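Next comes final_39.txt, with compact mmCIF, C-alpha atoms.
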```
# COMPACT_ATOMS: atom_id res chain seq x y z
CA MET A 1 80.51 -63.16 47.29
CA PRO A 2 76.99 -61.77 46.69
CA ILE A 3 73.65 -63.42 47.31
CA ALA A 4 71.35 -63.40 44.28
CA VAL A 5 67.76 -62.51 45.11
CA ALA A 6 65.09 -63.75 42.72
CA VAL A 7 62.71 -60.81 42.30
CA SER A 8 59.39 -61.28 40.53
CA GLY A 9 58.11 -57.74 40.98
CA GLY A 10 55.83 -58.67 43.87
CA THR A 11 55.81 -57.81 47.55
CA ASP A 12 57.47 -60.96 48.92
CA SER A 13 60.61 -61.00 46.81
CA LEU A 14 61.11 -57.24 47.14
CA MET A 15 60.94 -57.59 50.92
CA ALA A 16 63.49 -60.42 50.78
CA LEU A 17 65.83 -58.14 48.81
CA ALA A 18 65.42 -55.28 51.27
CA LEU A 19 66.00 -57.48 54.33
CA LEU A 20 69.22 -59.00 53.01
CA ARG A 21 70.55 -55.58 52.00
CA GLU A 22 69.77 -54.18 55.44
CA ALA A 23 71.52 -57.15 57.06
CA GLY A 24 74.73 -56.07 55.36
CA HIS A 25 74.91 -58.73 52.65
CA ALA A 26 76.22 -58.01 49.18
CA VAL A 27 73.19 -58.71 46.99
CA MET A 28 72.20 -58.70 43.35
CA ALA A 29 68.63 -58.75 42.04
CA VAL A 30 67.71 -61.26 39.34
CA HIS A 31 64.41 -61.22 37.48
CA ALA A 32 63.59 -64.42 35.60
CA ARG A 33 61.12 -64.37 32.74
CA PHE A 34 59.26 -67.68 32.72
CA LEU A 35 55.90 -67.01 31.08
CA PRO A 36 55.30 -67.02 27.30
CA ARG A 37 55.02 -63.65 25.58
CA ARG A 38 51.59 -62.25 24.84
CA ASP A 39 50.25 -63.16 21.41
CA ASP A 40 49.49 -59.51 20.61
CA GLY A 41 53.07 -58.42 21.27
CA LEU A 42 52.05 -55.87 23.92
CA PRO A 43 54.04 -55.51 27.17
CA ASP A 44 53.28 -58.23 29.72
CA ASP A 45 53.76 -58.51 33.48
CA SER A 46 57.40 -59.50 33.07
CA ASP A 47 58.09 -56.37 31.02
CA ARG A 48 56.41 -54.15 33.62
CA ALA A 49 58.14 -55.95 36.47
CA ALA A 50 61.58 -55.74 34.86
CA GLN A 51 61.21 -52.03 34.13
CA GLY A 52 60.07 -51.24 37.65
CA LEU A 53 62.67 -53.45 39.30
CA ALA A 54 65.49 -51.96 37.23
CA ALA A 55 64.49 -48.49 38.43
CA LEU A 56 64.19 -49.64 42.06
CA CYS A 57 67.59 -51.35 42.02
CA ASP A 58 69.19 -48.31 40.43
CA ARG A 59 67.80 -46.20 43.28
CA MET A 60 69.02 -48.74 45.85
CA GLY A 61 72.45 -48.99 44.22
CA LEU A 62 72.10 -52.71 43.49
CA PRO A 63 73.01 -54.67 40.36
CA PHE A 64 69.99 -55.95 38.43
CA PHE A 65 69.87 -58.79 35.88
CA ASP A 66 66.96 -59.61 33.60
CA LEU A 67 67.06 -63.26 32.47
CA ASP A 68 64.91 -64.76 29.72
CA LEU A 69 64.26 -68.37 30.80
CA ARG A 70 61.04 -68.88 28.83
CA ALA A 71 62.33 -71.76 26.72
CA ALA A 72 63.59 -73.65 29.76
CA PHE A 73 60.29 -73.06 31.61
CA GLU A 74 58.32 -74.37 28.65
CA ALA A 75 60.45 -77.53 28.51
CA ALA A 76 60.69 -78.16 32.26
CA VAL A 77 57.25 -77.10 33.51
CA ILE A 78 54.58 -76.31 30.92
CA ALA A 79 55.15 -79.20 28.49
CA PRO A 80 55.31 -81.85 31.28
CA PHE A 81 52.16 -80.34 32.83
CA VAL A 82 50.25 -80.73 29.57
CA ALA A 83 51.62 -84.25 28.97
CA ALA A 84 50.71 -85.34 32.50
CA PHE A 85 47.11 -84.17 32.13
CA ALA A 86 46.83 -85.86 28.76
CA SER A 87 47.99 -89.15 30.32
CA GLY A 88 45.49 -89.05 33.16
CA HIS A 89 47.42 -87.39 35.99
CA THR A 90 46.74 -84.20 37.95
CA PRO A 91 50.19 -82.56 38.12
CA ASN A 92 51.35 -79.90 40.56
CA PRO A 93 53.37 -77.46 38.41
CA CYS A 94 54.55 -75.31 41.35
CA SER A 95 56.19 -78.31 43.02
CA GLN A 96 57.96 -79.10 39.74
CA CYS A 97 58.97 -75.51 39.00
CA ASN A 98 60.91 -75.16 42.23
CA PRO A 99 63.42 -78.00 41.76
CA HIS A 100 63.74 -77.67 37.98
CA MET A 101 63.56 -73.91 37.43
CA LYS A 102 63.93 -71.65 40.48
CA PHE A 103 66.49 -73.76 42.31
CA GLY A 104 67.72 -75.47 39.16
CA VAL A 105 68.08 -73.43 35.96
CA LEU A 106 67.77 -70.02 37.64
CA ALA A 107 70.15 -70.91 40.46
CA GLU A 108 72.73 -72.11 37.93
CA HIS A 109 72.48 -68.79 36.06
CA THR A 110 73.02 -66.83 39.27
CA ARG A 111 76.14 -68.86 40.03
CA SER A 112 77.49 -67.92 36.60
CA LEU A 113 76.95 -64.28 37.61
CA GLY A 114 79.12 -64.81 40.67
CA ALA A 115 76.51 -65.44 43.35
CA THR A 116 77.14 -68.09 45.98
CA ARG A 117 73.56 -68.43 47.18
CA LEU A 118 70.04 -67.78 45.93
CA ALA A 119 67.40 -66.04 48.04
CA THR A 120 63.68 -66.05 47.28
CA GLY A 121 60.48 -64.72 48.79
CA HIS A 122 59.21 -68.18 49.76
CA TYR A 123 57.63 -68.61 53.18
CA ALA A 124 59.65 -71.48 54.64
CA ARG A 125 62.44 -71.95 57.17
CA LEU A 126 65.80 -73.66 56.71
CA GLU A 127 68.22 -74.87 59.33
CA VAL A 128 71.70 -75.69 58.05
CA LEU A 129 73.40 -78.39 60.09
CA ALA A 130 77.03 -78.26 61.19
CA LYS A 131 77.85 -81.33 59.09
CA GLY A 132 76.49 -79.61 55.98
CA GLY A 133 72.98 -80.98 55.78
CA VAL A 134 69.83 -78.89 55.71
CA GLN A 135 66.43 -79.15 57.35
CA LEU A 136 63.25 -77.65 55.89
CA PHE A 137 60.50 -76.40 58.22
CA PRO A 138 57.25 -74.45 57.84
CA ALA A 139 57.45 -70.68 58.05
CA THR A 140 56.22 -68.66 61.01
CA ASP A 141 53.25 -67.52 58.93
CA HIS A 142 51.42 -70.83 58.61
CA THR A 143 48.77 -69.22 56.41
CA ARG A 144 51.44 -68.64 53.74
CA ASP A 145 53.76 -71.57 54.39
CA GLN A 146 55.26 -72.95 51.16
CA SER A 147 57.38 -75.79 52.51
CA TYR A 148 54.96 -78.20 50.78
CA PHE A 149 55.96 -76.80 47.37
CA LEU A 150 59.66 -77.03 48.25
CA ALA A 151 59.66 -80.72 49.23
CA LEU A 152 60.98 -81.87 45.84
CA VAL A 153 64.01 -79.54 45.86
CA PRO A 154 67.17 -81.62 46.37
CA PRO A 155 68.94 -81.00 49.69
CA HIS A 156 72.17 -79.82 48.04
CA ASP A 157 70.19 -77.06 46.30
CA LEU A 158 68.36 -76.07 49.48
CA ALA A 159 71.72 -75.81 51.25
CA ARG A 160 72.59 -72.92 48.88
CA THR A 161 69.27 -71.16 49.46
CA VAL A 162 68.13 -68.33 51.73
CA PHE A 163 64.52 -67.64 52.79
CA PRO A 164 64.56 -64.16 54.41
CA LEU A 165 60.78 -64.25 55.04
CA SER A 166 60.86 -67.35 57.22
CA GLY A 167 59.92 -65.37 60.33
CA ARG A 168 57.76 -62.65 58.76
CA LEU A 169 53.99 -62.29 58.53
CA LYS A 170 52.57 -61.63 55.08
CA SER A 171 50.00 -59.21 56.49
CA HIS A 172 52.80 -56.89 57.71
CA LEU A 173 54.82 -56.71 54.50
CA ALA A 174 52.98 -53.94 52.65
CA ALA A 175 53.42 -51.57 55.60
CA GLU A 176 57.05 -52.58 56.06
CA LEU A 177 57.85 -51.84 52.42
CA ALA A 178 55.97 -48.55 52.53
CA ALA A 179 58.00 -47.51 55.59
CA ARG A 180 61.13 -48.10 53.51
CA GLY A 181 59.76 -46.12 50.59
CA LEU A 182 59.58 -49.20 48.38
CA ALA A 183 56.63 -50.07 46.15
CA PRO A 184 56.52 -53.39 44.26
CA PRO A 185 55.96 -53.03 40.49
CA LEU A 186 53.39 -55.87 40.60
CA PRO A 187 51.67 -55.54 43.98
CA ARG A 188 48.80 -57.97 43.28
CA GLU A 189 48.94 -61.59 44.34
CA SER A 190 50.10 -64.14 41.77
CA ARG A 191 47.66 -66.69 40.34
CA GLU A 192 47.53 -70.24 41.64
CA VAL A 193 49.17 -71.52 38.43
CA CYS A 194 51.11 -68.63 36.95
CA PHE A 195 51.03 -69.74 33.29
CA ILE A 196 47.29 -70.53 33.10
CA PRO A 197 45.21 -67.41 32.32
CA GLY A 198 42.32 -67.04 34.72
CA ASP A 199 43.25 -70.38 36.36
CA ASP A 200 41.11 -72.05 33.65
CA TYR A 201 43.20 -75.18 33.00
CA ARG A 202 40.56 -76.66 30.67
CA ALA A 203 40.75 -73.70 28.28
CA PHE A 204 44.53 -73.72 28.55
CA LEU A 205 44.80 -77.40 27.63
CA LEU A 206 42.49 -76.91 24.66
CA SER A 207 44.63 -73.98 23.49
CA ARG A 208 47.70 -76.23 23.42
CA GLN A 209 46.07 -78.43 20.75
CA VAL A 210 47.27 -81.70 22.24
CA ALA A 211 45.54 -85.07 21.97
CA LEU A 212 43.09 -85.28 24.86
CA SER A 213 40.66 -88.01 25.83
CA GLY A 214 37.18 -87.80 24.32
CA PRO A 215 33.70 -88.61 25.66
CA GLY A 216 33.11 -91.79 27.63
CA PRO A 217 30.98 -93.41 30.33
CA ILE A 218 30.57 -92.31 33.93
CA LEU A 219 30.45 -95.47 36.02
CA LEU A 220 29.73 -96.40 39.60
CA ALA A 221 32.29 -98.65 41.28
CA ASP A 222 30.09 -101.69 40.49
CA GLY A 223 30.16 -100.88 36.75
CA ARG A 224 26.73 -99.33 36.36
CA GLU A 225 26.69 -96.44 33.89
CA VAL A 226 25.08 -93.30 35.29
CA GLY A 227 26.08 -90.74 32.69
CA ARG A 228 28.62 -89.59 30.11
CA HIS A 229 31.68 -87.39 30.45
CA ALA A 230 33.20 -85.07 27.84
CA GLY A 231 36.81 -86.10 28.52
CA LEU A 232 38.64 -87.54 31.51
CA TRP A 233 41.09 -84.63 31.54
CA ARG A 234 38.20 -82.32 32.46
CA HIS A 235 37.80 -84.00 35.85
CA THR A 236 39.91 -84.52 38.97
CA VAL A 237 39.73 -87.01 41.82
CA GLY A 238 37.50 -85.69 44.58
CA GLN A 239 35.50 -83.44 42.25
CA ARG A 240 31.79 -83.12 43.06
CA ARG A 241 30.42 -80.28 40.95
CA GLY A 242 30.06 -80.35 37.18
CA LEU A 243 29.48 -84.09 36.71
CA GLY A 244 26.04 -83.61 35.20
CA VAL A 245 24.68 -86.73 36.89
CA ALA A 246 21.38 -86.83 38.77
CA TRP A 247 21.61 -89.39 41.58
CA ARG A 248 19.95 -90.06 44.93
CA GLU A 249 23.01 -88.68 46.74
CA PRO A 250 25.95 -86.46 45.76
CA LEU A 251 28.59 -88.24 43.69
CA TYR A 252 32.34 -87.61 43.67
CA VAL A 253 35.07 -88.59 41.23
CA LEU A 254 36.83 -91.67 42.61
CA ALA A 255 39.16 -92.45 39.71
CA ARG A 256 39.86 -91.94 36.02
CA ASP A 257 40.07 -95.30 34.24
CA GLU A 258 42.27 -94.60 31.22
CA THR A 259 41.96 -98.12 29.78
CA LYS A 260 38.15 -97.84 29.55
CA ASN A 261 38.08 -94.05 29.15
CA ALA A 262 35.68 -94.19 32.09
CA LEU A 263 35.13 -91.78 34.95
CA VAL A 264 34.47 -93.73 38.14
CA VAL A 265 32.23 -91.98 40.68
CA GLY A 266 30.64 -92.79 44.01
CA PRO A 267 29.19 -91.32 47.21
CA ARG A 268 31.36 -89.43 49.71
CA GLY A 269 32.01 -92.53 51.80
CA GLU A 270 33.72 -94.26 48.87
CA LEU A 271 36.08 -91.34 48.31
CA ASP A 272 38.11 -92.04 51.43
CA THR A 273 41.16 -94.28 51.42
CA THR A 274 43.65 -95.54 53.98
CA GLY A 275 46.69 -95.86 51.75
CA CYS A 276 48.60 -94.58 48.72
CA GLN A 277 51.96 -94.81 46.96
CA ALA A 278 54.39 -92.15 45.78
CA ARG A 279 57.46 -92.30 43.54
CA GLY A 280 60.30 -90.01 42.51
CA VAL A 281 61.29 -89.60 46.15
CA ASN A 282 63.40 -86.65 47.30
CA PHE A 283 64.80 -87.46 50.75
CA LEU A 284 65.58 -84.49 53.00
CA ALA A 285 66.33 -86.79 55.95
CA ASP A 286 67.62 -90.36 56.00
CA PRO A 287 64.67 -92.75 56.52
CA ALA A 288 66.83 -94.68 58.98
CA VAL A 289 66.50 -91.78 61.45
CA TRP A 290 62.84 -90.93 60.82
CA PRO A 291 60.79 -90.81 64.02
CA GLU A 292 58.12 -93.39 64.67
CA ARG A 293 55.33 -90.82 64.47
CA LEU A 294 55.02 -89.41 60.94
CA LEU A 295 52.60 -87.02 59.29
CA VAL A 296 51.74 -87.15 55.58
CA GLN A 297 50.28 -84.39 53.41
CA THR A 298 48.91 -85.16 49.93
CA CYS A 299 47.82 -81.68 48.82
CA TYR A 300 48.67 -78.11 49.79
CA ARG A 301 45.41 -77.32 51.58
CA GLN A 302 45.29 -80.61 53.48
CA ARG A 303 46.30 -80.84 57.11
CA PRO A 304 49.11 -83.46 57.48
CA ARG A 305 47.64 -86.74 58.77
CA PRO A 306 49.26 -89.44 60.95
CA ALA A 307 50.54 -92.33 58.84
CA ARG A 308 53.00 -95.18 58.63
CA VAL A 309 55.45 -94.86 55.73
CA THR A 310 57.50 -97.74 54.34
CA VAL A 311 60.30 -97.18 51.84
CA THR A 312 60.49 -99.93 49.23
CA GLN A 313 62.37 -100.42 46.00
CA GLY A 314 60.44 -100.23 42.73
CA PRO A 315 61.66 -100.78 39.15
CA ASP A 316 62.33 -97.04 38.78
CA GLY A 317 63.68 -96.27 42.24
CA ASP A 318 62.42 -95.69 45.76
CA VAL A 319 58.70 -95.95 46.49
CA LEU A 320 56.84 -94.62 49.54
CA ASP A 321 54.05 -96.93 50.71
CA VAL A 322 51.74 -94.92 52.97
CA ALA A 323 49.20 -96.34 55.41
CA PHE A 324 47.10 -93.64 57.08
CA ALA A 325 45.99 -94.06 60.67
CA ALA A 326 42.44 -93.05 59.65
CA PRO A 327 40.71 -92.71 56.27
CA VAL A 328 41.58 -89.59 54.24
CA PRO A 329 40.19 -88.13 50.99
CA ARG A 330 41.65 -90.07 48.06
CA PRO A 331 44.64 -88.17 46.63
CA ALA A 332 45.04 -87.41 42.93
CA SER A 333 47.79 -89.04 40.90
CA GLY A 334 50.55 -86.57 40.07
CA GLN A 335 50.12 -84.42 43.16
CA THR A 336 52.97 -83.97 45.64
CA LEU A 337 53.16 -86.09 48.79
CA VAL A 338 55.11 -84.67 51.72
CA VAL A 339 56.31 -86.61 54.78
CA ARG A 340 56.83 -84.57 57.95
CA ASP A 341 57.71 -85.15 61.58
CA SER A 342 55.56 -83.88 64.45
CA PHE A 343 57.35 -80.50 64.34
CA GLY A 344 56.50 -80.03 60.66
CA MET A 345 60.02 -80.70 59.37
CA VAL A 346 59.95 -82.05 55.82
CA LEU A 347 61.52 -85.50 55.71
CA ALA A 348 60.75 -86.35 52.09
CA GLY A 349 58.73 -85.32 49.06
CA ALA A 350 57.48 -87.51 46.22
CA SER A 351 54.89 -87.66 43.43
CA LEU A 352 51.70 -89.62 44.02
CA ALA A 353 51.31 -92.67 41.81
```

Encoded form (C-alpha cells):
Amino acid sequence: MPIAVAVSGGTDSLMALALLREAGHAVMAVHARFLPRRDDGLPDDSDRAAQGLAALCDRMGLPFFDLDLRAAFEAAVIAPFVAAFASGHTPNPCSQCNPHMKFGVLAEHTRSLGATRLATGHYARLEVLAKGGVQLFPATDHTRDQSYFLALVPPHDLARTVFPLSGRLKSHLAAELAARGLAPPLPRESREVCFIPGDDYRAFLLSRQVALSGPGPILLADGREVGRHAGLWRHTVGQRRGLGVAWREPLYVLARDETKNALVVGPRGELDTTGCQARGVNFLADPAVWPERLLVQTCYRQRPRPARVTVTQGPDGDVLDVAFAAPVPRPASGQTLVVRDSFGMVLAGASLA
C-alpha cells in the first residue's frame, strides 16, 4: 500500500517525496489547499503550487491529488484562532493545525485514497516501539526542529506518520534537490502563521469583523494606572514595545485582566514566574514511567527548562501543574506546553491555561 506525501510546493515536502521514492516505497503526492482564496479571484500560492506539483509528479511518474480542505481549515484552525484572541488568549495555530488538519482531516482523506501512512516535510524524529507505541524526538537539525508543534498530535496518528527529513539538514536541501533535477514550485520559506498576510495578526483580526475588546486602563500590579490601551487583544504577555507608557524603567505586559479590561504591566523582574498550568493534555508517554528529571518548554523559541510536573484531575480532564526549578518568563495563555525528558523526547503536550 502506498505512502501519501503531503506536498505544499516547498523544498521540505518535495525532498520528503523524493527520499521515499528513492527508498523504493510506493508513494502518492497529495496537495492540500488550506488558505482562503484571494478576494480578487487571481491565482494564489495554492494554485501555483498545485500546477507545478502536478507537472513534477507527472515527470516522476507519481500519482498526484489536489484536495480542497479550505472549509475544514477555516472551522478547525482559523475560527478557533480568532475566537481565542477575542477571549483573551494567545493561541498557537500551528500546534492546532497539526492534530486537527494535517494528521486529522488530511490524513483521513489520504486513507480514503488507499494510503496506509502519511509523510510530511516536518523536521522531527519518530521511533515506533515493538509493542505499537511511538516516541517523538527532535530532528537532527535542531535549528529547524518542529517536535514542539507536533506535541498535540495523538500517538495513534503519529504511529501512522513518516518524517523522512528527521536526519537531514535544511541547509543542504536546495543542493540535494538541484542534484536530482527537482525545483520546488514555491521555493521561499512559509510565513510564521500561514493564513495571516504579512504576519500582521492585528490587521487580520480587524478584517474578520469580530467583537474585540476596546480601550481600557494600563495598570501596575498594585493597581496604579499608568496609561491606556486600545484593546487587550493588541497585546501579548511578555510584550515590551508598543505600550506607549513613559516610566522610570522598561515595562512588560504581565497579564490581560478580562474582567476589568485592564492590561497589567510591570518591570522585567515581575515578568518571571516559577509555575503554570496546562490543560487539554496529549500524553505521548505514560506519566507513570516519566523520569524524575523533566524539561518543560512553553514556547517554540524557548529552551526547555528543568521542572517538576504533577498530573491532576480537573473538571474538564487532566491538568499539568508545572513548578520550574528556577524562574522563567511568564508564558502566555493558549500557547503550547511541551514536557520532555533529558534526551528531548516529547512526553506530553498541552495548552497553557

Any idea what's packed within 7 Å of A:Leu232, counting all atoms listed in the file, ignoring anything in its chain fewer than 4 positions away? Could you give it as a compact mmCIF listing (two decimals) with C-alpha atoms, in the frame of the given file?
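Listed below is the output, selection.txt:
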```txt
# COMPACT_ATOMS: atom_id res chain seq x y z
CA SER A 213 40.66 -88.01 25.83
CA ARG A 256 39.86 -91.94 36.02
CA ASN A 261 38.08 -94.05 29.15
CA LEU A 263 35.13 -91.78 34.95
```

Around all listed atoms of stretch 270-289 of chain A, padded 4 Å per side, what centre and edge lengths does the axis-aligned box have in Å to one decimal, as AutoDock Vina command-line options?
```
--center_x 50.7 --center_y -90.2 --center_z 52.0 --size_x 41.9 --size_y 19.4 --size_z 26.9
```

Give me the residues within 12 Å of A:Pro99 as a JSON list (two decimals) with C-alpha atoms, keeping the file's coordinate frame, counting only C-alpha atoms and dropping any in the same chain fewer than 4 places off.
```
[["chain", "number", "residue", "atom", "x", "y", "z"],
["A", 73, "PHE", "CA", 60.29, -73.06, 31.61],
["A", 76, "ALA", "CA", 60.69, -78.16, 32.26],
["A", 77, "VAL", "CA", 57.25, -77.10, 33.51],
["A", 93, "PRO", "CA", 53.37, -77.46, 38.41],
["A", 94, "CYS", "CA", 54.55, -75.31, 41.35],
["A", 95, "SER", "CA", 56.19, -78.31, 43.02],
["A", 103, "PHE", "CA", 66.49, -73.76, 42.31],
["A", 104, "GLY", "CA", 67.72, -75.47, 39.16],
["A", 105, "VAL", "CA", 68.08, -73.43, 35.96],
["A", 106, "LEU", "CA", 67.77, -70.02, 37.64],
["A", 107, "ALA", "CA", 70.15, -70.91, 40.46],
["A", 108, "GLU", "CA", 72.73, -72.11, 37.93],
["A", 149, "PHE", "CA", 55.96, -76.80, 47.37],
["A", 150, "LEU", "CA", 59.66, -77.03, 48.25],
["A", 151, "ALA", "CA", 59.66, -80.72, 49.23],
["A", 152, "LEU", "CA", 60.98, -81.87, 45.84],
["A", 153, "VAL", "CA", 64.01, -79.54, 45.86],
["A", 154, "PRO", "CA", 67.17, -81.62, 46.37],
["A", 155, "PRO", "CA", 68.94, -81.00, 49.69],
["A", 156, "HIS", "CA", 72.17, -79.82, 48.04],
["A", 157, "ASP", "CA", 70.19, -77.06, 46.30],
["A", 158, "LEU", "CA", 68.36, -76.07, 49.48],
["A", 161, "THR", "CA", 69.27, -71.16, 49.46],
["A", 282, "ASN", "CA", 63.40, -86.65, 47.30],
["A", 349, "GLY", "CA", 58.73, -85.32, 49.06]]
```

Q: For A:Ala71, list every protein, DNA or RNA residue within 8 Å, evaluated using only C-alpha atoms, and leave out those in the same chain fewer than 3 positions away; present the list as a ChimeraX atom specification.
A: /A:34,74-75

**Q.** Residue neighbourhood A:Val309, 10 Å, all atoms listed in the file, exclusion window fewer than 4 positions, as a PyMOL selection string
**A.** chain A and resi 275-277+287+290+292-296+319-324+339

**Q.** Given all atoms listed in the file as the counted atoms, nearest of A:Leu165, A:Leu205, A:Leu220, A:Leu284 to A:Trp233
**A.** A:Leu205

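Minimum atom-to-atom distances from A:Val128, A:Ala332, A:Leu251, A:Ala29 to A:Asp58 were compared using all atoms listed in the file, and the lowest value belongs to A:Ala29.
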
Q | Top pick for closest residue to A:Leu186, considering A:Leu53, A:Leu219, A:Leu271, A:Val245 and counting all atoms listed in the file | A | A:Leu53

Q) Pick the closest to A:Arg111 from A:Arg234, A:Arg303, A:Arg160, A:Arg188: which is it, counting all atoms listed in the file? A)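 For A:Arg111, the nearest of the given residues is A:Arg160.
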
Q. Please, what distance in Å, to one decimal, runs between atom CA of A:Ser351 and atom CA of A:Pro36?
A.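 We find that atom CA of A:Ser351 and atom CA of A:Pro36 lie 26.2 Å from each other.
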
Q: Fewer than 3 positions away in the same chain doesn't count, so skip those; otherwise give me all residues within 6 Å of stretch 181-185 of chain A, counting all atoms listed in the file, as an MDAnalysis selection string.
A: chainID A and resid 9:11 49 52 177:178

**Q.** Gap from atom CA of A:Gly24 to atom CA of A:Arg117 - Å, one decimal
**A.**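 That distance, rounded to one decimal, is 14.9 Å.
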
Taking (40.0, -95.1, 31.6) in the coordinates of the supplied file, I want to know which residues reach to within 12 Å of it, counting all atoms listed in the file; could you give the answer as a PDB file with C-alpha atoms, in the coordinates of the input?
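Once everything was written out, this is out_13.pdb:
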```pdb
ATOM      1  CA  ALA A  86      46.830 -85.860  28.760  1.00  0.00           C
ATOM      2  CA  SER A  87      47.990 -89.150  30.320  1.00  0.00           C
ATOM      3  CA  GLY A  88      45.490 -89.050  33.160  1.00  0.00           C
ATOM      4  CA  HIS A  89      47.420 -87.390  35.990  1.00  0.00           C
ATOM      5  CA  SER A 213      40.660 -88.010  25.830  1.00  0.00           C
ATOM      6  CA  GLY A 214      37.180 -87.800  24.320  1.00  0.00           C
ATOM      7  CA  PRO A 215      33.700 -88.610  25.660  1.00  0.00           C
ATOM      8  CA  GLY A 216      33.110 -91.790  27.630  1.00  0.00           C
ATOM      9  CA  PRO A 217      30.980 -93.410  30.330  1.00  0.00           C
ATOM     10  CA  ILE A 218      30.570 -92.310  33.930  1.00  0.00           C
ATOM     11  CA  LEU A 219      30.450 -95.470  36.020  1.00  0.00           C
ATOM     12  CA  HIS A 229      31.680 -87.390  30.450  1.00  0.00           C
ATOM     13  CA  GLY A 231      36.810 -86.100  28.520  1.00  0.00           C
ATOM     14  CA  LEU A 232      38.640 -87.540  31.510  1.00  0.00           C
ATOM     15  CA  TRP A 233      41.090 -84.630  31.540  1.00  0.00           C
ATOM     16  CA  LEU A 254      36.830 -91.670  42.610  1.00  0.00           C
ATOM     17  CA  ALA A 255      39.160 -92.450  39.710  1.00  0.00           C
ATOM     18  CA  ARG A 256      39.860 -91.940  36.020  1.00  0.00           C
ATOM     19  CA  ASP A 257      40.070 -95.300  34.240  1.00  0.00           C
ATOM     20  CA  GLU A 258      42.270 -94.600  31.220  1.00  0.00           C
ATOM     21  CA  THR A 259      41.960 -98.120  29.780  1.00  0.00           C
ATOM     22  CA  LYS A 260      38.150 -97.840  29.550  1.00  0.00           C
ATOM     23  CA  ASN A 261      38.080 -94.050  29.150  1.00  0.00           C
ATOM     24  CA  ALA A 262      35.680 -94.190  32.090  1.00  0.00           C
ATOM     25  CA  LEU A 263      35.130 -91.780  34.950  1.00  0.00           C
ATOM     26  CA  VAL A 264      34.470 -93.730  38.140  1.00  0.00           C
TER      27      VAL A 264
END
```

Q: Between A:Arg268, A:Leu69, A:Ser333, A:Glu192, single out the one closest to A:His100, counting only C-alpha atoms.
A: A:Leu69

Q) Which one is closest to A:Asp12: A:Gly121, A:Pro91, A:Arg48, A:Pro80? Count all atoms listed in the file. A)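 Closest residue, counting all atoms listed in the file: A:Gly121.
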
Q. For the atom pair atom CA of A:Phe64 and atom CA of A:Met28, what is the interatomic distance in Å to one decimal place?
A. 6.1 Å

Q | Neighbour residues at most 7 Å from (72.0, -57.9, 47.1) (only C-alpha atoms) as an MDAnalysis selection string | A | chainID A and resid 2:5 17 20:21 25:29 62

How would stretch 265-279 of chain A read, as a PDB file, in the coordinates of the input, once N, CA and C atoms are built in?
```
ATOM      1  N   VAL A 265      32.776 -92.882  39.658  1.00  0.00           N
ATOM      2  CA  VAL A 265      32.230 -91.980  40.680  1.00  0.00           C
ATOM      3  C   VAL A 265      31.555 -92.789  41.783  1.00  0.00           C
ATOM      4  N   GLY A 266      31.308 -92.129  42.893  1.00  0.00           N
ATOM      5  CA  GLY A 266      30.640 -92.790  44.010  1.00  0.00           C
ATOM      6  C   GLY A 266      30.291 -91.800  45.089  1.00  0.00           C
ATOM      7  N   PRO A 267      29.544 -92.212  46.097  1.00  0.00           N
ATOM      8  CA  PRO A 267      29.190 -91.320  47.210  1.00  0.00           C
ATOM      9  C   PRO A 267      30.406 -90.959  48.048  1.00  0.00           C
ATOM     10  N   ARG A 268      30.241 -89.969  48.914  1.00  0.00           N
ATOM     11  CA  ARG A 268      31.360 -89.430  49.710  1.00  0.00           C
ATOM     12  C   ARG A 268      32.093 -90.517  50.488  1.00  0.00           C
ATOM     13  N   GLY A 269      31.367 -91.486  51.014  1.00  0.00           N
ATOM     14  CA  GLY A 269      32.010 -92.530  51.800  1.00  0.00           C
ATOM     15  C   GLY A 269      32.997 -93.366  51.022  1.00  0.00           C
ATOM     16  N   GLU A 270      32.814 -93.472  49.693  1.00  0.00           N
ATOM     17  CA  GLU A 270      33.720 -94.260  48.870  1.00  0.00           C
ATOM     18  C   GLU A 270      34.949 -93.472  48.431  1.00  0.00           C
ATOM     19  N   LEU A 271      34.935 -92.167  48.716  1.00  0.00           N
ATOM     20  CA  LEU A 271      36.080 -91.340  48.310  1.00  0.00           C
ATOM     21  C   LEU A 271      37.270 -91.520  49.236  1.00  0.00           C
ATOM     22  N   ASP A 272      37.015 -91.905  50.463  1.00  0.00           N
ATOM     23  CA  ASP A 272      38.110 -92.040  51.430  1.00  0.00           C
ATOM     24  C   ASP A 272      38.965 -93.261  51.150  1.00  0.00           C
ATOM     25  N   THR A 273      40.224 -93.169  51.556  1.00  0.00           N
ATOM     26  CA  THR A 273      41.160 -94.280  51.420  1.00  0.00           C
ATOM     27  C   THR A 273      42.060 -94.317  52.637  1.00  0.00           C
ATOM     28  N   THR A 274      42.709 -95.435  52.851  1.00  0.00           N
ATOM     29  CA  THR A 274      43.650 -95.540  53.980  1.00  0.00           C
ATOM     30  C   THR A 274      45.087 -95.723  53.515  1.00  0.00           C
ATOM     31  N   GLY A 275      45.322 -95.665  52.209  1.00  0.00           N
ATOM     32  CA  GLY A 275      46.690 -95.860  51.750  1.00  0.00           C
ATOM     33  C   GLY A 275      46.929 -95.280  50.369  1.00  0.00           C
ATOM     34  N   CYS A 276      48.204 -95.065  50.039  1.00  0.00           N
ATOM     35  CA  CYS A 276      48.600 -94.580  48.720  1.00  0.00           C
ATOM     36  C   CYS A 276      50.088 -94.862  48.524  1.00  0.00           C
ATOM     37  N   GLN A 277      50.545 -94.651  47.298  1.00  0.00           N
ATOM     38  CA  GLN A 277      51.960 -94.810  46.960  1.00  0.00           C
ATOM     39  C   GLN A 277      52.474 -93.551  46.291  1.00  0.00           C
ATOM     40  N   ALA A 278      53.764 -93.300  46.435  1.00  0.00           N
ATOM     41  CA  ALA A 278      54.390 -92.150  45.780  1.00  0.00           C
ATOM     42  C   ALA A 278      55.780 -92.543  45.285  1.00  0.00           C
ATOM     43  N   ARG A 279      56.168 -91.990  44.156  1.00  0.00           N
ATOM     44  CA  ARG A 279      57.460 -92.300  43.540  1.00  0.00           C
ATOM     45  C   ARG A 279      58.241 -91.008  43.283  1.00  0.00           C
TER      46      ARG A 279
END
```
